[in-house]
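Structure data (compact mmCIF, N, CA and C atoms) from my_file00.txt:
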# COMPACT_ATOMS: atom_id res chain seq x y z
N MET A 343 0.86 -1.17 0.00
CA MET A 343 0.00 0.00 0.00
C MET A 343 0.90 1.23 0.00
N GLY A 344 0.68 2.12 -0.95
CA GLY A 344 1.46 3.34 -1.05
C GLY A 344 0.58 4.57 -0.88
N THR A 345 1.21 5.71 -0.66
CA THR A 345 0.49 6.97 -0.53
C THR A 345 1.13 8.01 -1.44
N LEU A 346 0.33 8.57 -2.33
CA LEU A 346 0.73 9.71 -3.14
C LEU A 346 0.22 10.96 -2.45
N LYS A 347 1.02 12.02 -2.45
CA LYS A 347 0.58 13.28 -1.86
C LYS A 347 0.80 14.40 -2.85
N ILE A 348 -0.24 15.18 -3.03
CA ILE A 348 -0.16 16.42 -3.79
C ILE A 348 -0.28 17.52 -2.75
N LYS A 349 0.76 18.33 -2.60
CA LYS A 349 0.76 19.33 -1.54
C LYS A 349 0.67 20.74 -2.12
N ASN A 350 -0.19 21.54 -1.50
CA ASN A 350 -0.32 22.96 -1.84
C ASN A 350 -0.62 23.20 -3.31
N LEU A 351 -1.55 22.42 -3.86
CA LEU A 351 -2.03 22.64 -5.22
C LEU A 351 -2.83 23.95 -5.22
N LEU A 352 -2.46 24.88 -6.05
CA LEU A 352 -3.14 26.17 -6.12
C LEU A 352 -4.34 26.04 -7.04
N VAL A 353 -5.54 26.23 -6.48
CA VAL A 353 -6.80 26.10 -7.21
C VAL A 353 -7.57 27.40 -7.05
N ARG A 354 -8.17 27.87 -8.14
CA ARG A 354 -8.99 29.09 -8.08
C ARG A 354 -10.46 28.71 -8.19
N SER A 355 -11.27 29.27 -7.28
CA SER A 355 -12.70 29.01 -7.30
C SER A 355 -13.43 30.09 -6.51
N ASN A 356 -14.74 30.11 -6.67
CA ASN A 356 -15.61 30.97 -5.86
C ASN A 356 -16.08 30.15 -4.67
N VAL A 357 -15.57 30.48 -3.49
CA VAL A 357 -15.99 29.81 -2.26
C VAL A 357 -16.36 30.89 -1.27
N GLY A 358 -17.63 31.01 -0.99
CA GLY A 358 -18.11 31.99 -0.03
C GLY A 358 -19.51 32.45 -0.37
N PHE A 359 -20.21 32.94 0.62
CA PHE A 359 -21.59 33.37 0.42
C PHE A 359 -21.81 34.85 0.72
N GLU A 360 -20.82 35.51 1.27
CA GLU A 360 -20.97 36.93 1.55
C GLU A 360 -20.87 37.72 0.25
N PRO A 361 -21.68 38.78 0.11
CA PRO A 361 -21.75 39.52 -1.16
C PRO A 361 -20.40 39.99 -1.70
N HIS A 362 -19.51 40.43 -0.84
CA HIS A 362 -18.22 40.94 -1.32
C HIS A 362 -17.26 39.82 -1.75
N ILE A 363 -17.63 38.57 -1.51
CA ILE A 363 -16.80 37.42 -1.88
C ILE A 363 -17.39 36.64 -3.05
N ARG A 364 -18.71 36.60 -3.13
CA ARG A 364 -19.42 35.72 -4.08
C ARG A 364 -18.95 35.86 -5.53
N ASP A 365 -18.64 37.05 -5.97
CA ASP A 365 -18.37 37.29 -7.38
C ASP A 365 -16.89 37.20 -7.75
N TYR A 366 -16.05 36.80 -6.83
CA TYR A 366 -14.62 36.79 -7.09
C TYR A 366 -14.03 35.41 -6.84
N GLN A 367 -13.21 34.96 -7.78
CA GLN A 367 -12.47 33.74 -7.54
C GLN A 367 -11.33 34.04 -6.58
N GLN A 368 -11.03 33.08 -5.76
CA GLN A 368 -9.94 33.24 -4.81
C GLN A 368 -9.00 32.05 -4.91
N ASP A 369 -7.78 32.26 -4.46
CA ASP A 369 -6.80 31.18 -4.46
C ASP A 369 -7.00 30.32 -3.22
N LEU A 370 -7.02 29.02 -3.46
CA LEU A 370 -7.14 28.06 -2.37
C LEU A 370 -5.98 27.08 -2.50
N LEU A 371 -5.44 26.65 -1.38
CA LEU A 371 -4.38 25.65 -1.38
C LEU A 371 -4.97 24.31 -0.99
N VAL A 372 -4.73 23.30 -1.83
CA VAL A 372 -5.32 21.98 -1.64
C VAL A 372 -4.20 20.96 -1.46
N THR A 373 -4.33 20.14 -0.43
CA THR A 373 -3.43 19.02 -0.22
C THR A 373 -4.25 17.74 -0.28
N ILE A 374 -3.77 16.79 -1.08
CA ILE A 374 -4.48 15.54 -1.32
C ILE A 374 -3.56 14.38 -0.99
N SER A 375 -4.03 13.43 -0.18
CA SER A 375 -3.31 12.19 0.10
C SER A 375 -4.13 11.05 -0.48
N ILE A 376 -3.48 10.22 -1.30
CA ILE A 376 -4.15 9.13 -1.99
C ILE A 376 -3.48 7.82 -1.60
N CYS A 377 -4.21 6.94 -0.93
CA CYS A 377 -3.70 5.63 -0.55
C CYS A 377 -4.23 4.59 -1.54
N TYR A 378 -3.34 3.78 -2.06
CA TYR A 378 -3.73 2.78 -3.06
C TYR A 378 -2.68 1.67 -3.11
N ASN A 379 -3.03 0.57 -3.77
CA ASN A 379 -2.11 -0.54 -3.96
C ASN A 379 -1.14 -0.14 -5.07
N SER A 380 0.10 0.12 -4.71
CA SER A 380 1.09 0.62 -5.65
C SER A 380 2.06 -0.45 -6.14
N LEU A 381 1.78 -1.71 -5.88
CA LEU A 381 2.70 -2.79 -6.25
C LEU A 381 2.96 -2.85 -7.75
N LEU A 382 1.95 -2.60 -8.57
CA LEU A 382 2.12 -2.64 -10.02
C LEU A 382 3.17 -1.63 -10.47
N GLU A 383 3.04 -0.38 -10.04
CA GLU A 383 3.98 0.66 -10.42
C GLU A 383 5.38 0.40 -9.87
N GLU A 384 5.42 -0.09 -8.65
CA GLU A 384 6.70 -0.36 -8.01
C GLU A 384 7.49 -1.40 -8.80
N GLY A 385 6.78 -2.39 -9.35
CA GLY A 385 7.45 -3.46 -10.07
C GLY A 385 7.73 -3.16 -11.53
N SER A 386 6.83 -2.43 -12.17
CA SER A 386 6.96 -2.23 -13.61
C SER A 386 7.76 -0.98 -13.97
N ASP A 387 7.70 0.05 -13.16
CA ASP A 387 8.32 1.34 -13.46
C ASP A 387 7.83 1.89 -14.80
N ASP A 388 6.58 1.59 -15.14
CA ASP A 388 5.99 2.00 -16.41
C ASP A 388 4.92 3.06 -16.15
N PRO A 389 5.07 4.26 -16.72
CA PRO A 389 4.11 5.34 -16.46
C PRO A 389 2.65 4.96 -16.79
N LYS A 390 2.42 4.10 -17.76
CA LYS A 390 1.04 3.75 -18.11
C LYS A 390 0.36 2.91 -17.02
N ASP A 391 1.14 2.37 -16.08
CA ASP A 391 0.58 1.62 -14.96
C ASP A 391 0.20 2.52 -13.79
N ALA A 392 0.62 3.77 -13.82
CA ALA A 392 0.43 4.69 -12.70
C ALA A 392 -0.94 5.38 -12.76
N ILE A 393 -1.39 5.85 -11.62
CA ILE A 393 -2.58 6.70 -11.57
C ILE A 393 -2.25 7.99 -12.31
N ASP A 394 -3.15 8.43 -13.17
CA ASP A 394 -2.91 9.63 -13.98
C ASP A 394 -3.24 10.87 -13.14
N LEU A 395 -2.23 11.37 -12.42
CA LEU A 395 -2.43 12.54 -11.56
C LEU A 395 -2.71 13.79 -12.37
N ASN A 396 -2.10 13.92 -13.55
CA ASN A 396 -2.36 15.10 -14.37
C ASN A 396 -3.83 15.18 -14.76
N LEU A 397 -4.42 14.07 -15.14
CA LEU A 397 -5.84 14.04 -15.50
C LEU A 397 -6.71 14.37 -14.28
N MET A 398 -6.34 13.82 -13.12
CA MET A 398 -7.10 14.07 -11.90
C MET A 398 -7.05 15.56 -11.54
N VAL A 399 -5.87 16.16 -11.61
CA VAL A 399 -5.71 17.57 -11.26
C VAL A 399 -6.48 18.45 -12.25
N LYS A 400 -6.42 18.13 -13.54
CA LYS A 400 -7.18 18.90 -14.53
C LYS A 400 -8.68 18.84 -14.26
N GLU A 401 -9.17 17.67 -13.87
CA GLU A 401 -10.60 17.52 -13.55
C GLU A 401 -10.97 18.35 -12.33
N ILE A 402 -10.16 18.30 -11.30
CA ILE A 402 -10.40 19.09 -10.09
C ILE A 402 -10.41 20.58 -10.42
N MET A 403 -9.41 21.03 -11.17
CA MET A 403 -9.32 22.46 -11.50
C MET A 403 -10.49 22.91 -12.38
N GLY A 404 -10.90 22.08 -13.31
CA GLY A 404 -12.04 22.43 -14.16
C GLY A 404 -13.32 22.56 -13.35
N ARG A 405 -13.57 21.61 -12.46
CA ARG A 405 -14.78 21.68 -11.63
C ARG A 405 -14.72 22.86 -10.66
N ALA A 406 -13.53 23.15 -10.15
CA ALA A 406 -13.38 24.27 -9.22
C ALA A 406 -13.61 25.60 -9.91
N GLU A 407 -12.99 25.79 -11.07
CA GLU A 407 -13.07 27.08 -11.76
C GLU A 407 -14.45 27.35 -12.34
N SER A 408 -15.20 26.31 -12.67
CA SER A 408 -16.51 26.52 -13.27
C SER A 408 -17.64 26.52 -12.23
N GLY A 409 -17.31 26.21 -10.98
CA GLY A 409 -18.35 26.10 -9.97
C GLY A 409 -18.35 27.26 -8.99
N HIS A 410 -19.42 27.33 -8.22
CA HIS A 410 -19.50 28.26 -7.09
C HIS A 410 -19.93 27.45 -5.88
N PHE A 411 -19.26 27.67 -4.78
CA PHE A 411 -19.53 26.93 -3.55
C PHE A 411 -19.73 27.93 -2.43
N ASN A 412 -20.82 27.80 -1.70
CA ASN A 412 -21.06 28.68 -0.57
C ASN A 412 -20.11 28.38 0.59
N LEU A 413 -19.81 27.10 0.77
CA LEU A 413 -19.04 26.68 1.94
C LEU A 413 -17.80 25.90 1.54
N ILE A 414 -16.74 26.07 2.32
CA ILE A 414 -15.50 25.33 2.09
C ILE A 414 -15.73 23.83 2.23
N GLU A 415 -16.69 23.43 3.05
CA GLU A 415 -16.99 22.02 3.24
C GLU A 415 -17.48 21.38 1.94
N ALA A 416 -18.36 22.07 1.22
CA ALA A 416 -18.88 21.55 -0.05
C ALA A 416 -17.78 21.51 -1.11
N PHE A 417 -16.93 22.51 -1.13
CA PHE A 417 -15.81 22.53 -2.07
C PHE A 417 -14.87 21.35 -1.81
N THR A 418 -14.57 21.10 -0.54
CA THR A 418 -13.70 19.98 -0.16
C THR A 418 -14.34 18.66 -0.56
N ARG A 419 -15.64 18.53 -0.37
CA ARG A 419 -16.35 17.30 -0.75
C ARG A 419 -16.24 17.06 -2.26
N MET A 420 -16.37 18.12 -3.06
CA MET A 420 -16.26 17.98 -4.52
C MET A 420 -14.89 17.41 -4.88
N ILE A 421 -13.84 17.91 -4.25
CA ILE A 421 -12.49 17.43 -4.56
C ILE A 421 -12.33 15.98 -4.12
N LEU A 422 -12.78 15.65 -2.92
CA LEU A 422 -12.67 14.27 -2.44
C LEU A 422 -13.43 13.32 -3.37
N ASP A 423 -14.63 13.67 -3.77
CA ASP A 423 -15.42 12.82 -4.68
C ASP A 423 -14.69 12.64 -6.01
N THR A 424 -14.05 13.69 -6.51
CA THR A 424 -13.30 13.61 -7.77
C THR A 424 -12.14 12.63 -7.63
N VAL A 425 -11.42 12.70 -6.52
CA VAL A 425 -10.30 11.78 -6.29
C VAL A 425 -10.80 10.34 -6.19
N LEU A 426 -11.90 10.13 -5.49
CA LEU A 426 -12.42 8.78 -5.30
C LEU A 426 -13.02 8.19 -6.57
N GLU A 427 -13.24 9.00 -7.61
CA GLU A 427 -13.70 8.47 -8.89
C GLU A 427 -12.66 7.55 -9.53
N GLU A 428 -11.40 7.75 -9.17
CA GLU A 428 -10.34 6.85 -9.63
C GLU A 428 -10.49 5.54 -8.87
N GLY A 429 -10.86 4.48 -9.56
CA GLY A 429 -11.19 3.20 -8.95
C GLY A 429 -10.06 2.56 -8.16
N ARG A 430 -8.83 2.89 -8.46
CA ARG A 430 -7.70 2.28 -7.76
C ARG A 430 -7.46 2.90 -6.39
N VAL A 431 -8.08 4.02 -6.11
CA VAL A 431 -7.88 4.70 -4.83
C VAL A 431 -8.66 3.95 -3.75
N ASP A 432 -7.95 3.52 -2.71
CA ASP A 432 -8.60 2.86 -1.58
C ASP A 432 -9.12 3.88 -0.58
N ARG A 433 -8.28 4.89 -0.30
CA ARG A 433 -8.62 5.89 0.71
C ARG A 433 -7.97 7.20 0.31
N ALA A 434 -8.63 8.30 0.62
CA ALA A 434 -8.08 9.62 0.29
C ALA A 434 -8.44 10.61 1.38
N GLU A 435 -7.59 11.62 1.50
CA GLU A 435 -7.86 12.73 2.40
C GLU A 435 -7.56 14.02 1.66
N VAL A 436 -8.42 15.00 1.86
CA VAL A 436 -8.27 16.30 1.20
C VAL A 436 -8.33 17.38 2.27
N GLU A 437 -7.41 18.33 2.17
CA GLU A 437 -7.45 19.53 3.02
C GLU A 437 -7.44 20.75 2.12
N VAL A 438 -8.37 21.66 2.36
CA VAL A 438 -8.45 22.91 1.61
C VAL A 438 -8.19 24.06 2.56
N LYS A 439 -7.30 24.97 2.13
CA LYS A 439 -6.96 26.14 2.95
C LYS A 439 -7.38 27.41 2.22
N LYS A 440 -8.09 28.28 2.95
CA LYS A 440 -8.40 29.63 2.48
C LYS A 440 -7.52 30.58 3.28
N VAL A 441 -6.61 31.23 2.59
CA VAL A 441 -5.68 32.13 3.25
C VAL A 441 -6.35 33.49 3.46
N LYS A 442 -6.15 34.06 4.63
CA LYS A 442 -6.69 35.37 4.98
C LYS A 442 -8.21 35.46 4.83
N SER A 443 -8.91 34.39 5.22
CA SER A 443 -10.36 34.41 5.08
C SER A 443 -11.08 34.91 6.33
N ILE A 444 -10.40 34.90 7.45
CA ILE A 444 -10.99 35.37 8.70
C ILE A 444 -10.10 36.47 9.25
N GLN A 445 -10.71 37.56 9.65
CA GLN A 445 -9.94 38.68 10.18
C GLN A 445 -9.05 38.22 11.34
N PHE A 446 -7.80 38.61 11.32
CA PHE A 446 -6.81 38.30 12.33
C PHE A 446 -6.38 36.83 12.34
N SER A 447 -6.71 36.10 11.29
CA SER A 447 -6.31 34.70 11.19
C SER A 447 -5.46 34.50 9.95
N GLY A 448 -4.48 33.66 10.04
CA GLY A 448 -3.62 33.38 8.90
C GLY A 448 -4.34 32.58 7.83
N GLU A 449 -5.13 31.59 8.25
CA GLU A 449 -5.84 30.76 7.27
C GLU A 449 -6.97 30.01 7.95
N LEU A 450 -7.87 29.54 7.11
CA LEU A 450 -8.96 28.67 7.51
C LEU A 450 -8.80 27.41 6.69
N SER A 451 -8.92 26.24 7.30
CA SER A 451 -8.82 25.01 6.52
C SER A 451 -9.89 24.03 6.95
N PHE A 452 -10.20 23.10 6.03
CA PHE A 452 -11.17 22.05 6.30
C PHE A 452 -10.64 20.77 5.66
N SER A 453 -10.78 19.65 6.37
CA SER A 453 -10.31 18.37 5.87
C SER A 453 -11.44 17.35 5.85
N LEU A 454 -11.39 16.49 4.84
CA LEU A 454 -12.31 15.36 4.72
C LEU A 454 -11.53 14.13 4.30
N SER A 455 -11.99 12.97 4.72
CA SER A 455 -11.40 11.74 4.23
C SER A 455 -12.52 10.80 3.82
N GLY A 456 -12.18 9.87 2.94
CA GLY A 456 -13.19 8.91 2.49
C GLY A 456 -12.52 7.69 1.88
N THR A 457 -13.34 6.66 1.63
CA THR A 457 -12.83 5.41 1.07
C THR A 457 -13.68 5.00 -0.13
N ASN A 458 -13.10 4.18 -0.97
CA ASN A 458 -13.85 3.54 -2.05
C ASN A 458 -14.28 2.17 -1.54
N GLY A 459 -15.54 1.88 -1.76
CA GLY A 459 -15.99 0.55 -1.38
C GLY A 459 -16.96 0.48 -0.34
Show me the file's structure as C-alpha cells.
Amino acid sequence: MGTLKIKNLLVRSNVGFEPHIRDYQQDLLVTISICYNSLLEEGSDDPKDAIDLNLMVKEIMGRAESGHFNLIEAFTRMILDTVLEEGRVDRAEVEVKKVKSIQFSGELSFSLSGTNG
C-alpha cells in the first residue's frame, strides 16, 4: 500500500456566500493524500501503470473554476469525490486552505477523508 501526496495545489474558485466574496475567484491551497495498492507501479516502473495525476488535477481544477460553492466544506467534498472516482484509490484525504479568510487569522482550513468501497 502506497500513498501519493499532492501538496499545496493552487486552485482558483468561488468559495463563499458573503456579497463581497461571491463574485470573485480566490486562491485556495489543496493538499491531497491518496492511498492505493502501488505494487504494479513499483514493479513495472511503467508510467502507463500509474494513476494519472495530471488528469485528476485537470478535472479538479475544471470543476473548481466553473463552480460556485457557498461553503468550504462543499468545495472539499467535490475534490474528495473527484479523487475517489479513480477506482484504484482505496482511501483519500483532502485539506483545503483559504488564506486570509478570517480577520486576524492566517488561514482557515477544512479536511475530509473517504474510502472507495
For this session: Name the closest residue to Phe417 in chain A among the candidates A:Gln367, A:Glu383, A:Glu435, A:Val357; distances are taken between atoms, counting all atoms listed in the file.
Result: A:Val357
Problem set entry | Spatial neighbours of Asp432 in chain A, max dist 6 Å, all atoms listed in the file, sep filter under 2 positions, as a ChimeraX atom specification | /A:377-379,429-430,434,456-458
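For the atom pair formed by atom C of Gly358 in chain A and CA of Leu413 in chain A, the distance is 6.2 Å, given to one decimal.
For the atom pair formed by atom N of Asn396 in chain A and atom N of Asn412 in chain A, the distance is 26.1 Å, given to one decimal.
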For this session: Give me every alpha helix (DSSP H) residue in chain A, going by DSSP on the backbone, as a count of residues only.
Result: 37
Seminar exercise, completed: Using only C-alpha atoms, the shortest atom-to-atom distance to Arg419 in chain A among A:Glu437, A:Glu384, A:Asp369, A:Glu360 belongs to A:Glu437
Exercise. Got a sec to tell me which of range 365-411 of chain A DSSP assigns to strand (DSSP E or B), as JSON, numbers by chain?
Worked result: {"A": [368, 369, 370, 371, 372, 373, 374, 375, 376, 377, 378, 410, 411]}
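Computed from the coordinates, the CA of Ser355 in chain A to atom C of Leu450 in chain A distance equals 14.6 Å.
Residue nearest Glu415 in chain A within the list A:Met403, A:Val438, A:Leu371, A:Leu397: A:Val438 [criterion: smallest interatomic distance, only C-alpha atoms].
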Exercise. Which residues, protein or nucleic acid, reach to within 9 Å of (-4.2, 11.7, -1.0) in the file's coordinates when using only C-alpha atoms, and can you give that as JSON, numbers by chain?
Worked result: {"A": [345, 346, 347, 348, 373, 374, 375, 376, 377, 422, 425, 431, 433, 434, 435, 436, 455]}
